[in-house]
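Dumped entry27.pdb below, it's PDB, C-alpha atoms:
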MODEL        1
ATOM      1  CA  MET A   1     -92.813 129.929 -88.326
ATOM      2  CA  GLU A   2     -94.937 128.743 -85.423
ATOM      3  CA  ILE A   3     -96.792 125.468 -85.301
ATOM      4  CA  ARG A   4     -98.666 123.808 -82.471
ATOM      5  CA  LEU A   5     -96.882 120.535 -81.657
ATOM      6  CA  ASN A   6     -98.420 118.113 -79.150
ATOM      7  CA  GLY A   7    -100.346 120.923 -77.516
ATOM      8  CA  LYS A   8     -97.480 123.444 -77.312
ATOM      9  CA  GLU A   9     -96.331 126.279 -79.561
ATOM     10  CA  ARG A  10     -93.076 125.529 -81.320
ATOM     11  CA  ALA A  11     -90.918 127.515 -83.730
ATOM     12  CA  VAL A  12     -89.776 125.537 -86.785
ATOM     13  CA  ALA A  13     -88.115 126.406 -90.083
ATOM     14  CA  ASP A  14     -90.371 127.699 -92.854
ATOM     15  CA  GLY A  15     -91.283 124.963 -95.311
ATOM     16  CA  ILE A  16     -90.312 122.120 -92.970
ATOM     17  CA  THR A  17     -91.568 118.673 -93.943
ATOM     18  CA  ILE A  18     -92.838 116.074 -91.486
ATOM     19  CA  ARG A  19     -89.734 113.999 -92.101
ATOM     20  CA  GLN A  20     -87.520 116.986 -91.262
ATOM     21  CA  LEU A  21     -89.550 117.720 -88.143
ATOM     22  CA  LEU A  22     -89.151 114.114 -86.941
ATOM     23  CA  ASP A  23     -85.414 114.291 -87.616
ATOM     24  CA  GLU A  24     -85.219 117.510 -85.619
ATOM     25  CA  LEU A  25     -87.077 115.823 -82.758
ATOM     26  CA  LYS A  26     -84.801 112.759 -83.101
ATOM     27  CA  LEU A  27     -87.837 110.529 -83.521
ATOM     28  CA  HIS A  28     -87.740 107.303 -85.502
ATOM     29  CA  PRO A  29     -90.389 107.520 -88.265
ATOM     30  CA  LEU A  30     -91.165 103.816 -87.827
ATOM     31  CA  ARG A  31     -92.250 104.327 -84.234
ATOM     32  CA  VAL A  32     -94.697 107.200 -84.517
ATOM     33  CA  ALA A  33     -97.989 108.272 -86.048
ATOM     34  CA  VAL A  34     -98.458 111.847 -87.220
ATOM     35  CA  GLN A  35    -101.640 113.836 -87.438
ATOM     36  CA  VAL A  36    -101.822 117.304 -89.002
ATOM     37  CA  ASN A  37    -104.977 119.354 -88.433
ATOM     38  CA  LEU A  38    -106.953 116.170 -87.640
ATOM     39  CA  ASP A  39    -105.746 114.256 -90.736
ATOM     40  CA  ILE A  40    -103.572 111.200 -90.178
ATOM     41  CA  ILE A  41    -100.568 111.417 -92.499
ATOM     42  CA  LYS A  42     -99.423 108.088 -93.918
ATOM     43  CA  ARG A  43     -95.754 107.289 -93.395
ATOM     44  CA  ASP A  44     -94.913 107.283 -97.098
ATOM     45  CA  ARG A  45     -95.966 110.951 -97.308
ATOM     46  CA  TYR A  46     -93.692 112.284 -94.518
ATOM     47  CA  GLU A  47     -91.142 113.606 -97.030
ATOM     48  CA  GLU A  48     -93.664 115.407 -99.212
ATOM     49  CA  VAL A  49     -96.007 116.990 -96.654
ATOM     50  CA  VAL A  50     -94.851 120.551 -95.940
ATOM     51  CA  LEU A  51     -96.122 122.130 -92.737
ATOM     52  CA  GLN A  52     -97.843 125.512 -92.820
ATOM     53  CA  PRO A  53     -97.756 128.272 -90.177
ATOM     54  CA  GLY A  54    -100.329 127.586 -87.466
ATOM     55  CA  ASP A  55    -100.656 123.857 -88.264
ATOM     56  CA  THR A  56    -101.684 121.665 -85.366
ATOM     57  CA  VAL A  57     -99.373 118.671 -85.357
ATOM     58  CA  GLU A  58     -99.680 115.624 -83.132
ATOM     59  CA  VAL A  59     -96.913 113.029 -82.931
ATOM     60  CA  LEU A  60     -97.992 109.856 -81.176
ATOM     61  CA  THR A  61     -96.423 106.556 -80.224
ATOM     62  CA  PHE A  62     -97.078 103.444 -78.130
ATOM     63  CA  MET A  63     -97.084 104.009 -74.388
ATOM     64  CA  ALA A  64     -97.803 101.748 -71.443
ATOM     65  CA  GLY A  65    -101.441 100.708 -71.231
ATOM     66  CA  GLY A  66    -103.823  97.863 -70.435
TER      67      GLY A  66
ATOM     68  CA  MET B  67    -116.073  71.994 -76.330
ATOM     69  CA  ARG B  68    -113.861  74.906 -77.297
ATOM     70  CA  GLY B  69    -110.799  72.853 -78.220
ATOM     71  CA  GLY B  70    -107.595  73.683 -80.017
ATOM     72  CA  GLU B  71    -104.013  73.725 -78.922
ATOM     73  CA  THR B  72    -103.598  77.411 -79.639
ATOM     74  CA  LEU B  73    -105.462  80.676 -79.381
ATOM     75  CA  LYS B  74    -106.410  81.697 -82.926
ATOM     76  CA  ILE B  75    -107.443  85.284 -83.601
ATOM     77  CA  ALA B  76    -108.202  85.939 -87.273
ATOM     78  CA  ASP B  77    -105.064  84.704 -89.076
ATOM     79  CA  LYS B  78    -102.834  84.863 -85.992
ATOM     80  CA  GLU B  79    -102.007  82.000 -83.662
ATOM     81  CA  PHE B  80    -100.737  82.120 -80.087
ATOM     82  CA  ARG B  81     -99.527  79.327 -77.835
ATOM     83  CA  SER B  82    -100.113  81.401 -74.727
ATOM     84  CA  ARG B  83    -103.721  82.100 -73.777
ATOM     85  CA  LEU B  84    -102.702  84.936 -71.511
ATOM     86  CA  ILE B  85    -102.546  88.523 -72.759
ATOM     87  CA  VAL B  86    -100.986  91.128 -70.501
ATOM     88  CA  GLY B  87    -101.103  94.922 -70.356
ATOM     89  CA  THR B  88     -98.030  97.118 -70.051
ATOM     90  CA  GLY B  89     -99.500  99.818 -67.773
ATOM     91  CA  LYS B  90     -99.024 100.597 -64.092
ATOM     92  CA  TYR B  91     -95.743  98.744 -63.458
ATOM     93  CA  PRO B  92     -93.389 100.324 -60.910
ATOM     94  CA  ASP B  93     -90.788 100.627 -63.712
ATOM     95  CA  TYR B  94     -90.006  99.232 -67.164
ATOM     96  CA  PRO B  95     -87.365  96.665 -66.052
ATOM     97  CA  THR B  96     -89.963  95.128 -63.702
ATOM     98  CA  MET B  97     -92.480  95.066 -66.548
ATOM     99  CA  GLN B  98     -89.938  93.379 -68.793
ATOM    100  CA  LYS B  99     -89.292  90.649 -66.206
ATOM    101  CA  ALA B 100     -93.007  90.202 -65.568
ATOM    102  CA  LEU B 101     -93.730  89.768 -69.289
ATOM    103  CA  GLU B 102     -90.991  87.163 -69.430
ATOM    104  CA  ALA B 103     -92.396  85.301 -66.403
ATOM    105  CA  SER B 104     -95.950  85.428 -67.744
ATOM    106  CA  GLY B 105     -94.984  83.577 -70.921
ATOM    107  CA  VAL B 106     -97.221  85.848 -73.014
ATOM    108  CA  GLU B 107     -96.866  86.414 -76.731
ATOM    109  CA  MET B 108     -99.179  89.409 -76.965
ATOM    110  CA  VAL B 109     -99.123  92.617 -74.913
ATOM    111  CA  THR B 110    -101.433  95.614 -74.963
ATOM    112  CA  VAL B 111    -100.200  99.164 -75.442
ATOM    113  CA  ALA B 112    -101.841 102.591 -75.588
ATOM    114  CA  VAL B 113    -101.428 105.352 -78.162
ATOM    115  CA  ARG B 114    -100.358 108.675 -76.678
ATOM    116  CA  ARG B 115     -98.355 111.799 -77.518
ATOM    117  CA  VAL B 116     -94.597 111.186 -77.676
ATOM    118  CA  ASN B 117     -92.652 112.644 -74.839
ATOM    119  CA  LEU B 118     -90.782 115.494 -76.509
ATOM    120  CA  ASP B 119     -88.591 116.482 -73.585
ATOM    121  CA  ARG B 120     -87.096 112.977 -73.453
ATOM    122  CA  THR B 121     -86.917 112.819 -69.691
ATOM    123  CA  GLN B 122     -88.695 109.469 -69.657
ATOM    124  CA  GLU B 123     -87.569 106.233 -71.195
ATOM    125  CA  SER B 124     -89.518 104.759 -74.068
ATOM    126  CA  LEU B 125     -91.753 101.737 -73.511
ATOM    127  CA  LEU B 126     -90.711 100.229 -76.830
ATOM    128  CA  ASP B 127     -87.099 100.028 -75.660
ATOM    129  CA  TYR B 128     -88.285  97.391 -73.179
ATOM    130  CA  ILE B 129     -90.438  95.285 -75.492
ATOM    131  CA  ASP B 130     -88.803  92.858 -77.887
ATOM    132  CA  LEU B 131     -90.940  93.261 -80.991
ATOM    133  CA  LYS B 132     -89.667  90.001 -82.458
ATOM    134  CA  ARG B 133     -91.037  88.184 -79.456
ATOM    135  CA  TYR B 134     -94.252  90.018 -78.582
ATOM    136  CA  THR B 135     -97.204  90.950 -80.744
ATOM    137  CA  LEU B 136     -98.482  94.406 -79.857
ATOM    138  CA  LEU B 137    -102.202  94.811 -79.299
ATOM    139  CA  PRO B 138    -102.904  98.562 -79.282
ATOM    140  CA  ASN B 139    -105.919  99.698 -77.303
ATOM    141  CA  THR B 140    -108.256 102.663 -77.590
ATOM    142  CA  ALA B 141    -108.307 103.267 -73.841
ATOM    143  CA  GLY B 142    -109.672 106.624 -72.797
ATOM    144  CA  CYS B 143    -111.993 106.941 -75.800
ATOM    145  CA  TYR B 144    -115.590 107.891 -75.053
ATOM    146  CA  SER B 145    -117.101 107.888 -78.542
ATOM    147  CA  ALA B 146    -116.998 105.696 -81.640
ATOM    148  CA  ASP B 147    -115.385 108.497 -83.678
ATOM    149  CA  GLU B 148    -112.598 108.954 -81.144
ATOM    150  CA  ALA B 149    -111.949 105.212 -80.849
ATOM    151  CA  VAL B 150    -111.837 104.833 -84.637
ATOM    152  CA  LYS B 151    -109.342 107.701 -84.807
ATOM    153  CA  TYR B 152    -107.081 106.087 -82.174
ATOM    154  CA  ALA B 153    -107.289 102.685 -83.883
ATOM    155  CA  ARG B 154    -106.150 104.299 -87.130
ATOM    156  CA  LEU B 155    -103.307 106.120 -85.365
ATOM    157  CA  ALA B 156    -102.275 102.813 -83.786
ATOM    158  CA  ARG B 157    -102.229 101.174 -87.184
ATOM    159  CA  GLU B 158     -99.910 103.937 -88.414
ATOM    160  CA  VAL B 159     -97.497 103.436 -85.510
ATOM    161  CA  GLY B 160     -97.531  99.704 -85.423
ATOM    162  CA  LEU B 161     -98.171  98.537 -88.956
ATOM    163  CA  SER B 162    -100.540  96.079 -87.349
ATOM    164  CA  ASN B 163    -104.248  96.063 -87.992
ATOM    165  CA  MET B 164    -105.255  94.522 -84.677
ATOM    166  CA  VAL B 165    -106.992  96.631 -82.047
ATOM    167  CA  LYS B 166    -108.354  96.140 -78.561
ATOM    168  CA  LEU B 167    -111.407  98.330 -79.004
ATOM    169  CA  GLU B 168    -112.510 100.179 -75.891
ATOM    170  CA  VAL B 169    -115.287 102.739 -75.964
ATOM    171  CA  ILE B 170    -115.974 103.803 -72.425
ATOM    172  CA  GLY B 171    -119.387 105.024 -71.299
ATOM    173  CA  ASP B 172    -118.759 106.011 -67.708
ATOM    174  CA  GLN B 173    -115.672 107.351 -65.974
ATOM    175  CA  ARG B 174    -116.333 105.798 -62.588
ATOM    176  CA  THR B 175    -117.001 102.217 -63.673
ATOM    177  CA  LEU B 176    -115.216 102.301 -67.047
ATOM    178  CA  PHE B 177    -118.087 100.189 -68.362
ATOM    179  CA  PRO B 178    -118.337 100.176 -72.149
ATOM    180  CA  ASP B 179    -120.803 102.275 -74.127
ATOM    181  CA  ASN B 180    -122.469  99.498 -76.125
ATOM    182  CA  GLU B 181    -124.016 101.679 -78.791
ATOM    183  CA  GLU B 182    -120.743 103.447 -79.608
ATOM    184  CA  LEU B 183    -118.770 100.193 -79.323
ATOM    185  CA  LEU B 184    -120.929  98.478 -81.933
ATOM    186  CA  LYS B 185    -120.711 101.502 -84.207
ATOM    187  CA  ALA B 186    -116.891 101.619 -83.948
ATOM    188  CA  THR B 187    -116.647  97.842 -84.482
ATOM    189  CA  LYS B 188    -118.584  98.100 -87.743
ATOM    190  CA  VAL B 189    -116.473 100.995 -89.051
ATOM    191  CA  LEU B 190    -113.158  99.333 -88.171
ATOM    192  CA  VAL B 191    -114.133  95.910 -89.539
ATOM    193  CA  LYS B 192    -115.054  97.581 -92.824
ATOM    194  CA  ASP B 193    -111.696  99.348 -92.722
ATOM    195  CA  GLY B 194    -109.865  95.998 -92.523
ATOM    196  CA  PHE B 195    -109.056  95.928 -88.809
ATOM    197  CA  ILE B 196    -108.952  92.806 -86.648
ATOM    198  CA  VAL B 197    -111.259  94.092 -83.934
ATOM    199  CA  LEU B 198    -111.213  92.747 -80.372
ATOM    200  CA  PRO B 199    -113.918  94.679 -78.514
ATOM    201  CA  TYR B 200    -113.890  95.001 -74.742
ATOM    202  CA  THR B 201    -117.525  94.427 -73.787
ATOM    203  CA  ASN B 202    -119.959  93.810 -70.957
ATOM    204  CA  ASP B 203    -120.671  90.236 -69.907
ATOM    205  CA  ASP B 204    -123.895  90.433 -71.916
ATOM    206  CA  PRO B 205    -124.466  87.407 -74.177
ATOM    207  CA  VAL B 206    -126.905  89.236 -76.481
ATOM    208  CA  PHE B 207    -124.510  92.084 -77.047
ATOM    209  CA  ALA B 208    -121.507  89.780 -77.461
ATOM    210  CA  LYS B 209    -123.436  88.103 -80.285
ATOM    211  CA  LYS B 210    -124.105  91.480 -81.893
ATOM    212  CA  LEU B 211    -120.380  92.268 -81.857
ATOM    213  CA  GLU B 212    -119.601  88.892 -83.388
ATOM    214  CA  ASP B 213    -122.228  89.432 -86.088
ATOM    215  CA  ALA B 214    -120.673  92.842 -86.787
ATOM    216  CA  GLY B 215    -117.396  91.090 -87.615
ATOM    217  CA  ALA B 216    -115.423  91.216 -84.363
ATOM    218  CA  ALA B 217    -112.496  88.755 -84.508
ATOM    219  CA  ALA B 218    -112.986  87.940 -80.800
ATOM    220  CA  VAL B 219    -115.183  89.185 -77.986
ATOM    221  CA  MET B 220    -113.694  90.286 -74.699
ATOM    222  CA  PRO B 221    -116.280  90.342 -71.910
ATOM    223  CA  LEU B 222    -115.255  91.856 -68.600
ATOM    224  CA  GLY B 223    -115.046  89.695 -65.488
ATOM    225  CA  ALA B 224    -115.471  92.811 -63.333
ATOM    226  CA  PRO B 225    -114.647  96.525 -63.760
ATOM    227  CA  ILE B 226    -111.151  97.374 -65.037
ATOM    228  CA  GLY B 227    -108.605  97.368 -62.231
ATOM    229  CA  SER B 228    -111.172  96.304 -59.611
ATOM    230  CA  GLY B 229    -109.713  92.870 -58.899
ATOM    231  CA  LEU B 230    -113.198  91.582 -58.077
ATOM    232  CA  GLY B 231    -112.755  88.421 -60.152
ATOM    233  CA  ILE B 232    -115.329  86.757 -62.392
ATOM    234  CA  ARG B 233    -118.510  88.263 -60.981
ATOM    235  CA  ASN B 234    -120.917  86.557 -63.354
ATOM    236  CA  PRO B 235    -119.506  83.218 -64.450
ATOM    237  CA  HIS B 236    -122.950  82.167 -65.704
ATOM    238  CA  ASN B 237    -123.048  84.965 -68.255
ATOM    239  CA  ILE B 238    -119.518  84.191 -69.411
ATOM    240  CA  ALA B 239    -120.609  80.549 -69.809
ATOM    241  CA  ILE B 240    -123.604  81.594 -71.937
ATOM    242  CA  ILE B 241    -121.390  83.796 -74.120
ATOM    243  CA  LEU B 242    -119.059  80.813 -74.561
ATOM    244  CA  GLU B 243    -121.946  78.542 -75.570
ATOM    245  CA  SER B 244    -122.886  80.617 -78.575
ATOM    246  CA  ALA B 245    -119.750  82.480 -79.660
ATOM    247  CA  LYS B 246    -117.992  81.154 -82.746
ATOM    248  CA  VAL B 247    -115.095  83.582 -82.309
ATOM    249  CA  PRO B 248    -112.608  83.419 -79.401
ATOM    250  CA  VAL B 249    -113.894  84.679 -76.052
ATOM    251  CA  ILE B 250    -111.220  86.408 -73.985
ATOM    252  CA  VAL B 251    -112.109  87.506 -70.467
ATOM    253  CA  ASP B 252    -110.752  91.027 -70.165
ATOM    254  CA  ALA B 253    -110.594  92.946 -66.884
ATOM    255  CA  GLY B 254    -111.519  92.150 -63.313
ATOM    256  CA  VAL B 255    -108.969  89.452 -62.496
ATOM    257  CA  GLY B 256    -107.476  89.999 -59.036
ATOM    258  CA  THR B 257    -105.480  86.877 -58.374
ATOM    259  CA  ALA B 258    -104.526  83.529 -59.890
ATOM    260  CA  SER B 259    -107.749  81.691 -59.008
ATOM    261  CA  ASP B 260    -109.782  84.287 -60.937
ATOM    262  CA  ALA B 261    -107.777  83.549 -64.070
ATOM    263  CA  ALA B 262    -108.191  79.812 -63.481
ATOM    264  CA  ILE B 263    -111.974  80.221 -63.119
ATOM    265  CA  ALA B 264    -112.168  82.140 -66.388
ATOM    266  CA  MET B 265    -110.273  79.371 -68.148
ATOM    267  CA  GLU B 266    -112.197  76.532 -66.450
ATOM    268  CA  LEU B 267    -115.372  78.004 -67.895
ATOM    269  CA  GLY B 268    -113.878  77.393 -71.330
ATOM    270  CA  SER B 269    -112.699  80.893 -72.179
ATOM    271  CA  ASP B 270    -110.187  80.984 -74.995
ATOM    272  CA  GLY B 271    -107.975  83.437 -73.165
ATOM    273  CA  VAL B 272    -107.617  85.982 -70.378
ATOM    274  CA  LEU B 273    -106.376  89.565 -70.596
ATOM    275  CA  MET B 274    -105.157  91.372 -67.494
ATOM    276  CA  ASN B 275    -102.976  94.260 -66.408
ATOM    277  CA  THR B 276    -103.503  95.573 -62.867
ATOM    278  CA  ALA B 277    -103.556  92.134 -61.208
ATOM    279  CA  ILE B 278     -99.938  91.648 -62.235
ATOM    280  CA  ALA B 279     -98.613  95.209 -62.377
ATOM    281  CA  GLY B 280    -100.186  96.156 -59.043
ATOM    282  CA  ALA B 281     -99.148  93.032 -57.124
ATOM    283  CA  LYS B 282     -96.489  93.432 -54.436
ATOM    284  CA  ASP B 283     -94.226  91.265 -56.568
ATOM    285  CA  PRO B 284     -95.348  91.631 -60.196
ATOM    286  CA  VAL B 285     -92.856  89.071 -61.507
ATOM    287  CA  LYS B 286     -94.076  86.336 -59.130
ATOM    288  CA  MET B 287     -97.700  87.202 -59.877
ATOM    289  CA  ALA B 288     -96.971  86.998 -63.607
ATOM    290  CA  GLU B 289     -95.697  83.458 -63.115
ATOM    291  CA  ALA B 290     -98.750  82.623 -60.996
ATOM    292  CA  MET B 291    -101.018  83.879 -63.774
ATOM    293  CA  ARG B 292     -99.226  81.820 -66.397
ATOM    294  CA  LYS B 293     -99.695  78.708 -64.297
ATOM    295  CA  ALA B 294    -103.321  79.564 -63.452
ATOM    296  CA  VAL B 295    -104.247  80.040 -67.103
ATOM    297  CA  GLU B 296    -102.566  76.754 -68.002
ATOM    298  CA  ALA B 297    -104.178  74.918 -65.065
ATOM    299  CA  GLY B 298    -107.612  76.340 -65.828
ATOM    300  CA  ARG B 299    -107.327  75.384 -69.479
ATOM    301  CA  LEU B 300    -106.234  71.840 -68.617
ATOM    302  CA  ALA B 301    -109.081  71.458 -66.127
ATOM    303  CA  TYR B 302    -111.548  72.605 -68.785
ATOM    304  CA  LEU B 303    -110.202  70.099 -71.304
ATOM    305  CA  ALA B 304    -110.143  67.357 -68.657
ATOM    306  CA  GLY B 305    -113.825  67.933 -67.812
ATOM    307  CA  ARG B 306    -114.743  68.597 -64.214
ATOM    308  CA  ILE B 307    -117.009  66.318 -62.143
ATOM    309  CA  PRO B 308    -120.618  67.414 -61.656
ATOM    310  CA  LYS B 309    -121.428  69.181 -58.391
ATOM    311  CA  LYS B 310    -123.550  67.165 -55.917
ATOM    312  CA  SER B 311    -125.110  67.963 -52.561
ATOM    313  CA  TYR B 312    -124.029  64.777 -50.800
ATOM    314  CA  ALA B 313    -120.829  62.847 -50.372
ATOM    315  CA  SER B 314    -119.677  60.080 -52.607
ATOM    316  CA  ALA B 315    -116.991  57.927 -50.977
ATOM    317  CA  SER B 316    -113.653  57.708 -52.677
ATOM    318  CA  THR B 317    -112.820  54.456 -50.941
ATOM    319  CA  THR B 318    -114.801  51.254 -51.350
ATOM    320  CA  MET B 319    -116.473  49.576 -48.332
ATOM    321  CA  GLU B 320    -115.516  46.206 -49.753
ATOM    322  CA  GLY B 321    -112.789  44.340 -47.850
ATOM    323  CA  MET B 322    -113.516  45.880 -44.456
ATOM    324  CA  ILE B 323    -113.412  43.456 -41.524
ATOM    325  CA  GLU B 324    -116.750  42.351 -40.040
TER     326      GLU B 324
ENDMDL
END
Can you turn what I pasted into structure tokens?
Amino acid sequence: MEIRLNGKERAVADGITIRQLLDELKLHPLRVAVQVNLDIIKRDRYEEVVLQPGDTVEVLTFMAGG
Amino acid sequence: MRGGETLKIADKEFRSRLIVGTGKYPDYPTMQKALEASGVEMVTVAVRRVNLDRTQESLLDYIDLKRYTLLPNTAGCYSADEAVKYARLAREVGLSNMVKLEVIGDQRTLFPDNEELLKATKVLVKDGFIVLPYTNDDPVFAKKLEDAGAAAVMPLGAPIGSGLGIRNPHNIAIILESAKVPVIVDAGVGTASDAAIAMELGSDGVLMNTAIAGAKDPVKMAEAMRKAVEAGRLAYLAGRIPKKSYASASTTMEGMIE
């Protein structure tokens, strides 16, 4: 299925969870924040939240800034 | 007198009164050395999309989280709603509830939008955040932020990245007279003397980024800033002499030959 990840279309497995998506992206769950369709998903829900086709997913982290 | 050996923000305590940003360095190793030379214990970071193509290195690989407290900012936010959203995202990343709250009102000057800033402060305080708002050097508004529950107020010395120094030391002094929370001068510092002036006024701390990151030698400038903040603080505690229009001899006339 297709989702929109950080502004770009991306094909992922049907029924993928946030945790599985982060694993696929090789991202450490302790270093990111995840938003799905404008809702911030708490870290303890990464394993249970299943993404749906067309979901808009944002994965954010700390970057350089003043 | 705004005494105290340490900078206390809510329940956190810092020996260093300097806070430094992590933006604009030529590269991460230089930033790492500059942070070391600055002696800081708290650094600001931004919240942005992760780099999915992995061509760039990660900032967090260059920041020892056991040594530095992260202060996430809401830079680039132009409304209270947006800033609140970024603060909450930052809390999710960092498991820290501290935020340098920026709500910008104008792209050219990066001056804060007071109305939105106050609104965001109230929402985030209610939500359990330790809110450090970046504000104008306006004593009335600084008081409003404090009354809204801000854990510190951070008046600008001059526009962000301008290096113009402390343009209105009198306003900063008035803010310091009435504030019961720490006052941290944020933005405008260009060189070491600017940081010293901010501290001589009695500020509890200084936050800067461009002055160090943009210097020809960021590591040397970081050391200069550490010393300036310490010197300014000491001078404040020591109590400067009053300014006078005429001379007052340092050497006695007594004992001169007739």
Within 10 Å of chain A, which residues of chain B are there when counting all atoms listed in the file? Please give them as a PyMOL selection string.
chain B and resi 85-91+94+97+109-120+124-126+136-141+151-152+154-161+166+226-227+252-253+273-276+279
Closest to Asp77 (chain B) among B:Ala218, B:Gly280, B:Ala264, B:Ala186, using only C-alpha atoms?
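Looking only at the distances to Asp77 (chain B), the closest residue turns out to be B:Ala218.
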Write out as a ChimeraX atom specification which residues come within 7 Å of Cys143 (chain B) when counting only C-alpha atoms, dropping same-chain ones fewer than 3 positions away.
/B:140,148-149,168-170
For Val12 (chain A), list every protein, DNA or RNA residue within 9 Å, evaluated using only C-alpha atoms, and leave out those in the same chain fewer than 6 positions away; present the list as a list in words.
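Surrounding residues, per the criterion: Met1, Glu2, Ile3 and Leu21 of chain A.
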Find the distance between CA of Val189 (chain B) and CA of Val106 (chain B) and write it in Å to one decimal.
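Rounded to one decimal, the two atoms are 29.3 Å apart.
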Just checking: using only C-alpha atoms, which residue out of B:Met322, B:Gly254, B:Asn234, B:Gly305 ends up closest to Gly268 (chain B)?
B:Gly305
What gap, in Å, lies between CA of Val150 (chain B) and CA of Gly229 (chain B)?
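Those two atoms sit 28.5 Å apart.
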Selected residue, from B:Met287, B:Ile129, B:Ala258, B:Ile250, that lies nearest to Asp270 (chain B) when counting all atoms listed in the file
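Closest to Asp270 (chain B) of all the choices is B:Ile250.
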Could you list, as a ChimeraX atom specification, every residue within 10 Å of Val285 (chain B), counting only C-alpha atoms and ignoring same-chain residues fewer than 4 positions away?
/B:96-104,278-279,281,289-291
What does the distance between CA of Asp203 (chain B) and CA of Met220 (chain B) come to in Å, to one decimal place?
8.5 Å
Starting from the block above, write region 41-52 of chain A out to a file with N, CA, C and O atoms, as an mmCIF file, in the first residue's frame, please.
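Result file follows (decode_38.cif):
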data_model
loop_
_atom_site.group_PDB
_atom_site.id
_atom_site.type_symbol
_atom_site.label_atom_id
_atom_site.label_comp_id
_atom_site.auth_asym_id
_atom_site.auth_seq_id
_atom_site.Cartn_x
_atom_site.Cartn_y
_atom_site.Cartn_z
ATOM 1 N N ILE A 41 1.644 10.265 17.840
ATOM 2 C CA ILE A 41 1.484 8.920 18.398
ATOM 3 C C ILE A 41 2.520 8.726 19.512
ATOM 4 O O ILE A 41 3.719 8.888 19.289
ATOM 5 N N LYS A 42 2.042 8.416 20.694
ATOM 6 C CA LYS A 42 2.942 8.185 21.825
ATOM 7 C C LYS A 42 3.785 6.928 21.568
ATOM 8 O O LYS A 42 3.309 5.979 20.947
ATOM 9 N N ARG A 43 5.003 6.968 22.100
ATOM 10 C CA ARG A 43 5.956 5.885 21.836
ATOM 11 C C ARG A 43 5.442 4.506 22.236
ATOM 12 O O ARG A 43 5.704 3.515 21.559
ATOM 13 N N ASP A 44 4.685 4.446 23.330
ATOM 14 C CA ASP A 44 4.230 3.132 23.801
ATOM 15 C C ASP A 44 3.113 2.544 22.913
ATOM 16 O O ASP A 44 2.659 1.430 23.141
ATOM 17 N N ARG A 45 2.713 3.299 21.891
ATOM 18 C CA ARG A 45 1.673 2.771 20.983
ATOM 19 C C ARG A 45 2.234 2.384 19.609
ATOM 20 O O ARG A 45 1.474 1.975 18.727
ATOM 21 N N TYR A 46 3.564 2.500 19.430
ATOM 22 C CA TYR A 46 4.164 2.223 18.115
ATOM 23 C C TYR A 46 3.876 0.801 17.632
ATOM 24 O O TYR A 46 3.754 0.561 16.442
ATOM 25 N N GLU A 47 3.796 -0.153 18.564
ATOM 26 C CA GLU A 47 3.601 -1.551 18.155
ATOM 27 C C GLU A 47 2.150 -1.832 17.805
ATOM 28 O O GLU A 47 1.861 -2.775 17.066
ATOM 29 N N GLU A 48 1.238 -1.053 18.345
ATOM 30 C CA GLU A 48 -0.184 -1.366 18.117
ATOM 31 C C GLU A 48 -0.825 -0.548 16.993
ATOM 32 O O GLU A 48 -1.850 -0.953 16.447
ATOM 33 N N VAL A 49 -0.230 0.610 16.654
ATOM 34 C CA VAL A 49 -0.861 1.441 15.626
ATOM 35 C C VAL A 49 -0.529 0.896 14.228
ATOM 36 O O VAL A 49 0.635 0.845 13.829
ATOM 37 N N VAL A 50 -1.557 0.485 13.515
ATOM 38 C CA VAL A 50 -1.413 -0.068 12.169
ATOM 39 C C VAL A 50 -1.723 1.035 11.159
ATOM 40 O O VAL A 50 -2.736 1.716 11.262
ATOM 41 N N LEU A 51 -0.823 1.227 10.217
ATOM 42 C CA LEU A 51 -1.019 2.281 9.219
ATOM 43 C C LEU A 51 -2.032 1.847 8.162
ATOM 44 O O LEU A 51 -2.142 0.664 7.845
ATOM 45 N N GLN A 52 -2.753 2.837 7.650
ATOM 46 C CA GLN A 52 -3.781 2.589 6.634
ATOM 47 C C GLN A 52 -3.318 3.188 5.305
ATOM 48 O O GLN A 52 -2.532 4.146 5.304
#
